[in-house]
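Raw contents of run_7.txt, compact mmCIF, C-alpha atoms:
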```txt
# COMPACT_ATOMS: atom_id res chain seq x y z
CA MET N 1 42.39 63.72 -9.25
CA PHE N 2 40.00 63.27 -6.30
CA ALA N 3 37.15 64.68 -8.35
CA ALA N 4 38.06 63.64 -11.87
CA THR N 5 39.50 60.19 -11.41
CA VAL N 6 36.81 58.83 -9.17
CA ALA N 7 34.06 61.01 -10.58
CA VAL N 8 32.79 62.53 -7.38
CA THR N 9 31.14 65.55 -8.95
CA SER N 10 29.68 66.55 -12.27
CA THR N 11 31.71 69.74 -12.46
CA ALA N 12 35.44 70.27 -12.53
CA SER N 13 37.12 70.82 -9.20
CA ALA N 14 39.72 73.51 -8.69
CA GLY N 15 41.69 71.02 -6.61
CA THR N 16 44.34 69.13 -8.52
CA THR N 17 45.26 66.57 -5.88
CA LEU N 18 43.38 64.16 -3.65
CA GLY N 19 43.97 66.25 -0.56
CA THR N 20 43.11 69.65 -2.01
CA SER N 21 39.98 68.33 -3.72
CA ALA N 22 38.85 66.66 -0.50
CA ALA N 23 39.54 69.83 1.48
CA GLU N 24 37.24 71.75 -0.87
CA GLN N 25 34.50 69.40 0.30
CA GLY N 26 35.42 69.86 3.97
CA ARG N 27 37.07 66.47 4.18
CA TYR N 28 40.50 64.87 4.16
CA PHE N 29 42.11 62.29 1.91
CA GLY N 30 44.82 60.30 3.61
CA ALA N 31 47.13 57.34 3.19
CA ALA N 32 48.68 54.69 5.41
CA VAL N 33 52.40 55.37 5.65
CA ALA N 34 55.38 53.17 6.51
CA ALA N 35 58.37 54.86 8.14
CA ASN N 36 60.87 52.75 6.22
CA LYS N 37 59.53 54.10 2.93
CA LEU N 38 60.11 57.75 3.83
CA SER N 39 63.53 57.43 2.19
CA ASP N 40 61.89 56.46 -1.14
CA ALA N 41 61.77 59.64 -3.21
CA THR N 42 58.90 58.51 -5.45
CA TYR N 43 56.83 57.40 -2.46
CA VAL N 44 57.45 60.63 -0.56
CA GLY N 45 56.79 62.72 -3.65
CA ILE N 46 53.32 61.24 -4.07
CA LEU N 47 52.62 61.41 -0.33
CA ASN N 48 53.54 65.07 -0.04
CA ARG N 49 51.71 66.10 -3.19
CA GLU N 50 48.46 64.17 -2.86
CA PHE N 51 47.53 63.58 0.77
CA ASN N 52 46.61 65.73 3.76
CA MET N 53 46.23 62.99 6.42
CA VAL N 54 48.52 60.10 7.31
CA THR N 55 48.02 56.92 9.31
CA PRO N 56 51.09 55.03 10.53
CA GLU N 57 50.66 51.55 9.08
CA ASN N 58 52.29 49.61 11.93
CA GLU N 59 54.45 52.04 13.86
CA MET N 60 51.91 52.96 16.57
CA LYS N 61 50.67 49.43 17.29
CA TRP N 62 51.32 47.83 20.66
CA ASP N 63 54.22 45.61 19.59
CA ALA N 64 55.98 48.59 17.99
CA THR N 65 55.52 51.11 20.80
CA GLU N 66 55.93 48.90 23.90
CA PRO N 67 58.03 45.87 22.90
CA SER N 68 58.97 45.26 26.54
CA GLN N 69 56.53 46.02 29.32
CA GLY N 70 56.93 49.60 30.50
CA GLN N 71 59.63 50.35 27.91
CA PHE N 72 58.23 52.60 25.20
CA THR N 73 59.79 53.16 21.79
CA TYR N 74 58.47 55.88 19.52
CA THR N 75 61.28 56.44 17.00
CA ASN N 76 59.51 55.22 13.86
CA ALA N 77 56.13 56.64 14.80
CA ASP N 78 57.75 59.96 15.68
CA ARG N 79 59.37 60.01 12.25
CA ILE N 80 55.97 59.75 10.57
CA VAL N 81 54.40 62.38 12.84
CA SER N 82 57.30 64.75 12.23
CA HIS N 83 57.03 64.28 8.47
CA ALA N 84 53.31 64.95 8.61
CA GLN N 85 53.71 68.09 10.69
CA THR N 86 56.48 69.43 8.44
CA ASN N 87 54.29 68.95 5.39
CA GLY N 88 51.02 70.30 6.78
CA MET N 89 49.31 66.93 7.19
CA ARG N 90 47.29 65.68 10.14
CA VAL N 91 47.72 62.23 11.71
CA ARG N 92 45.31 59.41 12.54
CA GLY N 93 46.72 57.22 15.32
CA HIS N 94 46.38 53.47 14.70
CA ALA N 95 45.77 51.42 16.81
CA LEU N 96 45.87 51.51 20.59
CA THR N 97 44.25 48.13 21.31
CA TRP N 98 43.94 45.13 19.02
CA HIS N 99 43.95 41.37 19.43
CA SER N 100 46.76 41.14 16.87
CA GLN N 101 50.32 42.55 16.81
CA GLN N 102 50.59 42.50 20.56
CA PRO N 103 54.07 42.13 22.07
CA GLY N 104 54.85 38.71 23.44
CA TRP N 105 54.76 39.88 27.03
CA ALA N 106 51.15 41.08 26.64
CA GLN N 107 50.15 37.78 25.09
CA ASN N 108 51.53 36.01 28.14
CA ILE N 109 49.49 37.85 30.77
CA SER N 110 45.76 37.91 31.41
CA GLY N 111 43.02 39.12 33.68
CA SER N 112 43.62 42.16 35.86
CA ALA N 113 47.32 42.25 34.94
CA LEU N 114 46.48 42.57 31.24
CA ARG N 115 43.76 45.12 31.97
CA GLN N 116 46.20 47.24 33.95
CA ALA N 117 48.80 46.90 31.19
CA MET N 118 46.24 47.99 28.58
CA VAL N 119 45.30 51.07 30.57
CA ASN N 120 48.95 51.99 31.08
CA HIS N 121 49.75 51.44 27.41
CA ILE N 122 46.92 53.68 26.22
CA THR N 123 47.77 56.34 28.78
CA GLN N 124 51.46 56.44 27.90
CA VAL N 125 51.09 56.39 24.10
CA VAL N 126 48.24 58.90 23.93
CA THR N 127 50.01 61.21 26.38
CA HIS N 128 53.21 61.05 24.32
CA TYR N 129 51.30 62.26 21.25
CA ARG N 130 48.89 64.55 23.05
CA GLY N 131 47.97 67.47 20.81
CA LYS N 132 49.55 65.89 17.73
CA ILE N 133 46.89 63.33 16.75
CA TYR N 134 43.64 64.21 14.98
CA ALA N 135 41.94 60.89 15.75
CA TRP N 136 42.85 57.60 17.41
CA ASP N 137 41.63 54.14 16.48
CA VAL N 138 41.24 53.33 20.17
CA VAL N 139 39.86 49.82 19.66
CA ASN N 140 40.38 47.79 16.50
CA GLU N 141 38.40 44.74 15.32
CA ALA N 142 36.75 43.74 18.61
CA PHE N 143 33.77 41.95 17.03
CA ALA N 144 33.57 38.44 15.66
CA ASP N 145 33.11 37.59 12.01
CA GLY N 146 30.08 35.66 10.86
CA GLY N 147 26.49 35.95 11.92
CA SER N 148 26.79 35.78 15.70
CA GLY N 149 27.00 39.50 16.32
CA GLY N 150 29.21 38.69 19.29
CA ARG N 151 32.51 39.95 20.56
CA ARG N 152 35.75 38.48 19.27
CA ASP N 153 37.21 36.00 21.74
CA SER N 154 40.50 37.73 22.53
CA ASN N 155 42.71 38.08 25.58
CA LEU N 156 41.42 41.65 25.94
CA GLN N 157 37.78 40.53 25.81
CA ARG N 158 38.51 37.95 28.49
CA THR N 159 39.54 40.76 30.89
CA GLY N 160 35.86 41.72 31.03
CA ASN N 161 33.13 42.89 28.69
CA ASP N 162 33.70 46.50 29.70
CA TRP N 163 37.21 46.60 28.22
CA ILE N 164 36.18 48.68 25.20
CA GLU N 165 34.55 51.31 27.42
CA VAL N 166 37.61 51.41 29.66
CA ALA N 167 39.87 51.87 26.63
CA PHE N 168 37.85 54.85 25.40
CA ARG N 169 37.64 56.50 28.81
CA THR N 170 41.38 56.05 29.28
CA ALA N 171 42.17 57.60 25.90
CA ARG N 172 39.92 60.58 26.60
CA ALA N 173 41.64 61.24 29.90
CA ALA N 174 45.04 61.16 28.21
CA ASP N 175 44.12 63.54 25.36
CA PRO N 176 40.75 65.29 25.58
CA GLY N 177 41.34 66.94 22.20
CA ALA N 178 41.75 63.84 20.03
CA ARG N 179 38.83 62.24 18.21
CA LEU N 180 38.26 58.71 19.52
CA CYS N 181 37.23 56.04 17.01
CA TYR N 182 36.18 52.42 16.89
CA ASN N 183 37.55 50.70 13.75
CA ASP N 184 36.56 47.42 12.07
CA TYR N 185 36.22 45.51 8.79
CA ASN N 186 33.27 43.71 7.18
CA THR N 187 30.99 46.33 8.70
CA ASP N 188 30.51 48.31 5.48
CA GLY N 189 26.91 47.21 4.99
CA GLN N 190 24.20 46.33 7.50
CA ASN N 191 24.87 42.84 8.84
CA ALA N 192 25.21 41.05 12.17
CA LYS N 193 28.68 42.46 12.79
CA SER N 194 27.85 46.07 11.93
CA ASN N 195 24.62 45.80 13.93
CA ALA N 196 26.66 44.75 16.96
CA VAL N 197 29.01 47.71 16.55
CA TYR N 198 26.00 49.98 16.09
CA ALA N 199 24.48 48.75 19.36
CA VAL N 200 27.67 49.50 21.28
CA VAL N 201 28.00 52.99 19.80
CA GLN N 202 24.35 53.66 20.57
CA ASP N 203 24.88 52.49 24.15
CA PHE N 204 28.05 54.56 24.56
CA LYS N 205 26.35 57.71 23.29
CA ALA N 206 23.39 57.14 25.62
CA ARG N 207 25.63 56.67 28.67
CA GLY N 208 28.15 59.38 27.92
CA VAL N 209 31.05 57.06 27.13
CA PRO N 210 33.45 59.10 24.98
CA ILE N 211 33.30 57.98 21.34
CA ASP N 212 33.54 60.44 18.46
CA CYS N 213 33.83 58.36 15.32
CA VAL N 214 33.50 54.96 13.71
CA GLY N 215 36.01 53.76 11.15
CA PHE N 216 35.06 51.50 8.26
CA GLN N 217 38.07 49.71 6.83
CA SER N 218 36.43 49.08 3.43
CA HIS N 219 38.71 46.44 1.93
CA PHE N 220 36.88 45.45 -1.26
CA ASN N 221 37.34 42.85 -4.01
CA THR N 222 35.10 40.74 -6.23
CA ALA N 223 34.32 38.36 -3.36
CA SER N 224 33.56 41.28 -1.03
CA PRO N 225 32.28 44.15 -3.20
CA VAL N 226 31.05 47.59 -2.18
CA PRO N 227 27.67 46.77 -0.61
CA GLY N 228 24.52 48.28 -2.05
CA ASP N 229 23.63 49.84 1.30
CA TYR N 230 27.11 51.30 1.93
CA GLN N 231 25.94 54.92 2.05
CA ALA N 232 22.86 54.06 4.11
CA ASN N 233 25.02 52.20 6.62
CA LEU N 234 27.41 55.14 6.98
CA GLN N 235 24.40 57.39 7.46
CA ARG N 236 22.79 55.30 10.20
CA PHE N 237 25.98 55.47 12.23
CA ALA N 238 26.27 59.21 11.62
CA ASN N 239 22.70 59.56 12.86
CA LEU N 240 23.90 58.33 16.26
CA GLY N 241 25.93 61.52 16.57
CA VAL N 242 29.37 60.23 15.60
CA ASP N 243 31.57 61.02 12.62
CA VAL N 244 32.21 58.22 10.16
CA GLN N 245 35.54 57.71 8.44
CA ILE N 246 36.69 55.35 5.71
CA THR N 247 39.94 54.28 7.26
CA GLU N 248 41.71 51.59 5.21
CA LEU N 249 40.25 51.76 1.72
CA ASP N 250 41.58 49.52 -1.03
CA ILE N 251 39.69 48.03 -3.95
CA GLU N 252 41.21 45.20 -5.94
CA GLY N 253 40.85 45.38 -9.71
CA SER N 254 41.80 47.60 -12.59
CA GLY N 255 40.48 49.91 -15.26
CA THR N 256 36.96 51.29 -15.40
CA THR N 257 35.53 48.80 -12.91
CA GLN N 258 38.03 49.72 -10.24
CA ALA N 259 37.62 53.44 -10.89
CA ASP N 260 33.83 53.15 -10.75
CA ASN N 261 34.05 51.37 -7.39
CA TYR N 262 36.29 54.06 -6.01
CA GLY N 263 33.76 56.57 -7.28
CA ARG N 264 30.94 54.81 -5.45
CA VAL N 265 32.85 54.95 -2.18
CA VAL N 266 33.78 58.62 -2.54
CA ARG N 267 30.26 59.66 -3.53
CA ALA N 268 28.87 57.80 -0.52
CA CYS N 269 31.18 59.71 1.78
CA LEU N 270 30.31 63.02 0.15
CA ALA N 271 26.60 62.27 0.58
CA VAL N 272 26.95 61.77 4.35
CA SER N 273 27.68 65.10 6.02
CA ARG N 274 29.45 63.46 8.96
CA CYS N 275 31.74 61.38 6.74
CA THR N 276 34.87 63.39 7.47
CA GLY N 277 37.38 61.69 5.20
CA ILE N 278 38.91 58.75 3.42
CA THR N 279 42.25 57.00 3.96
CA VAL N 280 43.64 54.54 1.42
CA TRP N 281 45.75 51.74 2.87
CA GLY N 282 48.98 52.50 1.07
CA ILE N 283 50.10 54.71 -1.78
CA ARG N 284 51.28 52.61 -4.75
CA ASP N 285 49.98 49.15 -5.59
CA THR N 286 53.38 47.75 -4.64
CA ASP N 287 53.07 49.26 -1.15
CA SER N 288 49.82 47.44 -0.48
CA TRP N 289 49.36 44.38 1.74
CA ARG N 290 47.23 43.14 -1.18
CA ALA N 291 49.72 44.09 -3.90
CA SER N 292 48.76 41.25 -6.23
CA GLY N 293 45.26 42.73 -6.47
CA THR N 294 46.56 46.16 -7.60
CA PRO N 295 44.10 47.85 -5.21
CA LEU N 296 45.32 51.45 -4.95
CA LEU N 297 45.15 54.71 -6.93
CA PHE N 298 48.78 54.72 -8.07
CA ASP N 299 50.53 51.90 -9.91
CA GLY N 300 53.81 50.36 -8.82
CA SER N 301 55.78 53.00 -10.68
CA GLY N 302 53.93 55.80 -8.92
CA ASN N 303 51.76 56.81 -11.88
CA LYS N 304 48.17 57.90 -11.41
CA LYS N 305 45.86 55.28 -12.79
CA PRO N 306 43.96 56.38 -15.93
CA ARG N 307 40.99 58.61 -15.33
CA THR N 308 37.58 57.30 -16.27
CA PRO N 309 35.31 60.34 -15.98
CA ARG N 310 31.56 59.92 -16.17
CA SER N 311 29.51 61.96 -18.59
CA SER N 312 26.48 62.14 -16.33
CA THR N 313 25.81 63.52 -12.92
CA PRO N 314 26.46 60.87 -10.25
```

Take the structure from the file and write it as C-alpha cells.
Amino acid sequence: MFAATVAVTSTASAGTTLGTSAAEQGRYFGAAVAANKLSDATYVGILNREFNMVTPENEMKWDATEPSQGQFTYTNADRIVSHAQTNGMRVRGHALTWHSQQPGWAQNISGSALRQAMVNHITQVVTHYRGKIYAWDVVNEAFADGGSGGRRDSNLQRTGNDWIEVAFRTARAADPGARLCYNDYNTDGQNAKSNAVYAVVQDFKARGVPIDCVGFQSHFNTASPVPGDYQANLQRFANLGVDVQITELDIEGSGTTQADNYGRVVRACLAVSRCTGITVWGIRDTDSWRASGTPLLFDGSGNKKPRTPRSSTP
C-alpha cells in the first residue's frame, strides 16, 4: 500500500503494507496510538499489520506521566510500549516539554522552580524508558506563529531563553542512545517560523548541543496545503546534519486529490536521504483529531482508501 496507494515509485514494491514498503526504502511508517483503543480489534489489526513505528498520542505527555509533582504514572504509556515491543515496532516518545497539556501544578509554578521541575521530569521519564525509545520529541512547538520568527511566550520560555538547550542536554544525559528531536507545525515550507527553527538547529550543531532530528508535523488541508518547497525545506534541514521526520501527518480530503497529496509527501521524504520516516496521526479517519476532514489512510470502518496509482514516473 505504501508504494501503490500513494504512488511513491514507478515500479511495484514487494512490500504489501506501509511498514514493509517503507522498510524496503530504509525508512519507517508509523502511527499515533491511543492506549484506550488497544482493545479495539479492528484498530489493533490495522496497527499490527501496517505499521512499524508507534507514537503514543497523549500517554507520554507531562500531564499524563507526572500528574502530581514527583509522582510518576506510566501505566498507559507502558501499555503502548509493551504492545510495540511484542509486535516488532519501535517507539517515538512524544513529548517531553510542551506549553500545552501540562499538569496543573506545573502551570502554577515559574522561574527556577519550573526549570528544576522540567529537568527532573525529563530525567525521570527518559530514564524510565531508557533503551526502549527510538526518538524523543524533546521540545514541542516552542516557536510563535505568524511572521515574527520569535519564541512562543510560554511559562517554559519565561524560565530563560536557554530552556530548549537545557531540555536537550538533560535528555541526552538520561538516554544517550535515543534520537533527540525538535517538533513543530507550520514549518513545512520556508517561512519565518521554520527559519527560526533552522537558526536554532544550526546554532546547536555548531556548539555541540545534542540534537539529532527535526520533526515536521505536516497537518494539511485546503487552507494549509502541502507547500511547493516542502522537499527543499526538508533538505535544507537535513543539510545541517540532522535527520528529518514527518511526525504527525494528516491530509484532509478524499479521493484522488487526497491520494495525490499523500504521494507528494511520501515522494519528498524518499528524495531526502536523511528523511528517516513518516508517522500518520491516527489510524482510521474516526480516530483522528480532525475526523470530520477524513484525513487518514483508512476510513472509519478500517478499510484502505481506494488506490489511485499514477501511470507515469513521479

Residues of segment 261-292 of chain N at most 12 Å from segment 227-246 of chain N: nearest atom pair and distance in Å, only C-alpha atoms, as CSV:
```
residue,atom,partner,partner_atom,distance
N:Asn261,CA,N:Pro227,CA,10.4
N:Tyr262,CA,N:Ile246,CA,11.8
N:Arg264,CA,N:Gln231,CA,9.0
N:Val265,CA,N:Tyr230,CA,7.9
N:Val266,CA,N:Ile246,CA,9.3
N:Arg267,CA,N:Gln231,CA,8.5
N:Ala268,CA,N:Gln231,CA,4.8
N:Cys269,CA,N:Gln231,CA,7.1
N:Leu270,CA,N:Gln231,CA,9.4
N:Ala271,CA,N:Gln231,CA,7.5
N:Val272,CA,N:Gln235,CA,5.9
N:Ser273,CA,N:Ala238,CA,8.2
N:Arg274,CA,N:Asp243,CA,4.9
N:Cys275,CA,N:Val244,CA,4.7
N:Thr276,CA,N:Gln245,CA,5.8
N:Gly277,CA,N:Gln245,CA,5.5
N:Ile278,CA,N:Ile246,CA,4.7
N:Thr279,CA,N:Ile246,CA,6.1
N:Val280,CA,N:Ile246,CA,8.2
N:Trp281,CA,N:Ile246,CA,10.2
```

d(atom CA of Ser82 of chain N, atom CA of Leu96 of chain N) in Å: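 Result for atom CA of Ser82 of chain N versus atom CA of Leu96 of chain N: 19.4 Å, one decimal.
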
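The gap separating atom CA of Arg130 of chain N from atom CA of Ala173 of chain N is 10.5 Å, in Å to one decimal.
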
- request: Tell me which protein, DNA and RNA residues are within 9 Å of segment 34-36 of chain N, counting only C-alpha atoms, leaving out same-chain ones fewer than 5 positions away, and put them as a VMD selection string.
  value: chain N and resid 55 to 59 76 to 77 79 to 80 282 287

task: Compile the contact shell of Val81 of chain N as a ChimeraX atom specification: residues with an atom at most 9 Å away, counting only C-alpha atoms, same-chain residues fewer than 3 positions apart removed.
output: /N:54,56,76-78,84-86,89-91,129,132-133

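Reported to one decimal place, the separation of atom CA of Ile211 of chain N from atom CA of Glu50 of chain N is 29.2 Å.
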
Residue contacts of Tyr43 of chain N (8 Å, all atoms listed in the file) excluding same-chain residues fewer than 5 positions away, as a ChimeraX atom specification: /N:37-38,283-284,302

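When all atoms listed in the file are used to measure the gap to Val139 of chain N, the shortest distance among N:Thr256, N:Asn191, N:Thr159, N:Asn183 belongs to N:Asn183.
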
field: Of the listed residues N:Ser68, N:Ser218, N:Asn140, N:Gln124, that which approaches Arg152 of chain N most closely, counting only C-alpha atoms
entry: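 For Arg152 of chain N, the nearest of the given residues is N:Asn140.
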
message: Give me the residues near Asp175 of chain N as an MDAnalysis selection string, where near means some atom within 8 Å (using all atoms listed in the file) and where sequence neighbours in that chain fewer than 6 positions away do not count.
response: chainID N and resid 126:127 130:131

Selected residue, from N:Val201, N:Ala144, N:Ala167, N:Ala64, that lies nearest to Thr97 of chain N when counting all atoms listed in the file: N:Ala167

message: Let me make sure I understand: among N:Ala171, N:Ala196, N:Ala32, N:Leu114, which one has the smallest atom-to-atom distance to Ser154 of chain N if we use all atoms listed in the file?
response: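 So, comparing all the options, the nearest one is N:Leu114.
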
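Nearest residue to Glu252 of chain N among N:Thr16, N:Gln25, N:Thr294, N:Ser288 is N:Thr294, counting all atoms listed in the file.
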
- request: Enumerate, as JSON, numbers by chain, the protein, DNA and RNA residues whose atoms approach (24.5, 42.0, 19.5) to within 8 Å, taking into account only C-alpha atoms and the coordinate frame of the file.
  value: {"N": [148, 149, 150, 192, 193, 195, 196, 197, 199]}

Let me see the file: selected residues, C-alpha atoms, as a PDB file, keeping the file's coordinate frame.
```pdb
ATOM      1  CA  SER N 148      26.790  35.780  15.700  1.00  0.00           C
ATOM      2  CA  GLY N 149      27.000  39.500  16.320  1.00  0.00           C
ATOM      3  CA  GLY N 150      29.210  38.690  19.290  1.00  0.00           C
ATOM      4  CA  ALA N 192      25.210  41.050  12.170  1.00  0.00           C
ATOM      5  CA  LYS N 193      28.680  42.460  12.790  1.00  0.00           C
ATOM      6  CA  ASN N 195      24.620  45.800  13.930  1.00  0.00           C
ATOM      7  CA  ALA N 196      26.660  44.750  16.960  1.00  0.00           C
ATOM      8  CA  VAL N 197      29.010  47.710  16.550  1.00  0.00           C
ATOM      9  CA  ALA N 199      24.480  48.750  19.360  1.00  0.00           C
TER      10      ALA N 199
END
```

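For Gly19 of chain N, the residues within 7 Å (counting all atoms listed in the file, excluding itself and residues fewer than 2 positions away along the chain) are Thr17, Ser21, Ala22, Ala23, Tyr28, Phe29, Glu50, Phe51 and Asn52 of chain N.
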
Writing out the chosen residues with C-alpha atoms as a PDB file, in the frame of the given file:
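Ended up saving to again.pdb:
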```pdb
ATOM      1  CA  THR N  17      45.260  66.570  -5.880  1.00  0.00           C
ATOM      2  CA  SER N  21      39.980  68.330  -3.720  1.00  0.00           C
ATOM      3  CA  ALA N  22      38.850  66.660  -0.500  1.00  0.00           C
ATOM      4  CA  ALA N  23      39.540  69.830   1.480  1.00  0.00           C
ATOM      5  CA  TYR N  28      40.500  64.870   4.160  1.00  0.00           C
ATOM      6  CA  PHE N  29      42.110  62.290   1.910  1.00  0.00           C
ATOM      7  CA  GLU N  50      48.460  64.170  -2.860  1.00  0.00           C
ATOM      8  CA  PHE N  51      47.530  63.580   0.770  1.00  0.00           C
ATOM      9  CA  ASN N  52      46.610  65.730   3.760  1.00  0.00           C
TER      10      ASN N  52
END
```

field: Selected residue of minimal separation from Ala113 of chain N among N:Ile164, N:Ala174, N:Leu249, N:Leu156, counting all atoms listed in the file
entry: N:Leu156

N, CA, C and O atoms of segment 180-200 of chain N from block above, as a tab-separated table (two decimals), in the first residue's frame:
```tsv
chain	number	residue	atom	x	y	z
N	180	LEU	N	17.21	12.56	19.56
N	180	LEU	CA	16.57	13.71	20.19
N	180	LEU	C	16.09	14.68	19.13
N	180	LEU	O	16.89	15.19	18.32
N	181	CYS	N	14.78	14.97	19.14
N	181	CYS	CA	14.15	15.76	18.08
N	181	CYS	C	13.49	17.02	18.60
N	181	CYS	O	12.96	17.05	19.72
N	182	TYR	N	13.48	18.04	17.75
N	182	TYR	CA	12.62	19.20	17.94
N	182	TYR	C	11.43	19.03	16.99
N	182	TYR	O	11.61	18.65	15.83
N	183	ASN	N	10.21	19.31	17.47
N	183	ASN	CA	9.00	19.04	16.69
N	183	ASN	C	8.11	20.27	16.65
N	183	ASN	O	7.89	20.93	17.67
N	184	ASP	N	7.58	20.60	15.44
N	184	ASP	CA	6.70	21.77	15.34
N	184	ASP	C	5.79	21.65	14.12
N	184	ASP	O	5.95	20.77	13.28
N	185	TYR	N	4.81	22.58	14.06
N	185	TYR	CA	3.86	22.64	12.96
N	185	TYR	C	4.02	23.97	12.22
N	185	TYR	O	4.68	24.90	12.71
N	186	ASN	N	3.44	24.04	11.04
N	186	ASN	CA	3.56	25.24	10.19
N	186	ASN	C	5.02	25.60	9.91
N	186	ASN	O	5.38	26.76	9.74
N	187	THR	N	5.85	24.57	9.84
N	187	THR	CA	7.25	24.74	9.48
N	187	THR	C	7.59	23.94	8.23
N	187	THR	O	8.76	23.70	7.93
N	188	ASP	N	6.56	23.51	7.50
N	188	ASP	CA	6.74	22.56	6.39
N	188	ASP	C	7.39	23.20	5.17
N	188	ASP	O	8.01	22.51	4.36
N	189	GLY	N	7.20	24.50	5.00
N	189	GLY	CA	7.88	25.25	3.95
N	189	GLY	C	8.77	26.30	4.59
N	189	GLY	O	8.79	26.46	5.81
N	190	GLN	N	9.54	27.01	3.77
N	190	GLN	CA	10.41	28.05	4.32
N	190	GLN	C	9.56	29.28	4.63
N	190	GLN	O	8.91	29.84	3.76
N	191	ASN	N	9.58	29.68	5.89
N	191	ASN	CA	8.84	30.86	6.35
N	191	ASN	C	9.52	31.36	7.62
N	191	ASN	O	10.54	30.82	8.05
N	192	ALA	N	8.95	32.38	8.22
N	192	ALA	CA	9.60	32.98	9.40
N	192	ALA	C	9.76	31.96	10.52
N	192	ALA	O	10.80	31.93	11.21
N	193	LYS	N	8.75	31.12	10.72
N	193	LYS	CA	8.80	30.15	11.81
N	193	LYS	C	9.85	29.07	11.54
N	193	LYS	O	10.67	28.75	12.41
N	194	SER	N	9.82	28.51	10.33
N	194	SER	CA	10.81	27.47	10.02
N	194	SER	C	12.22	28.04	9.99
N	194	SER	O	13.18	27.36	10.36
N	195	ASN	N	12.36	29.29	9.55
N	195	ASN	CA	13.68	29.92	9.57
N	195	ASN	C	14.21	30.07	11.00
N	195	ASN	O	15.42	29.92	11.25
N	196	ALA	N	13.31	30.34	11.94
N	196	ALA	CA	13.72	30.47	13.33
N	196	ALA	C	14.16	29.13	13.89
N	196	ALA	O	15.17	29.04	14.61
N	197	VAL	N	13.43	28.07	13.56
N	197	VAL	CA	13.82	26.73	13.99
N	197	VAL	C	15.17	26.37	13.37
N	197	VAL	O	16.07	25.84	14.04
N	198	TYR	N	15.31	26.67	12.09
N	198	TYR	CA	16.56	26.38	11.37
N	198	TYR	C	17.74	27.05	12.07
N	198	TYR	O	18.79	26.43	12.26
N	199	ALA	N	17.56	28.30	12.48
N	199	ALA	CA	18.66	29.03	13.12
N	199	ALA	C	19.06	28.39	14.44
N	199	ALA	O	20.26	28.32	14.77
N	200	VAL	N	18.09	27.89	15.19
N	200	VAL	CA	18.41	27.23	16.46
N	200	VAL	C	19.14	25.92	16.21
N	200	VAL	O	20.13	25.60	16.88
```
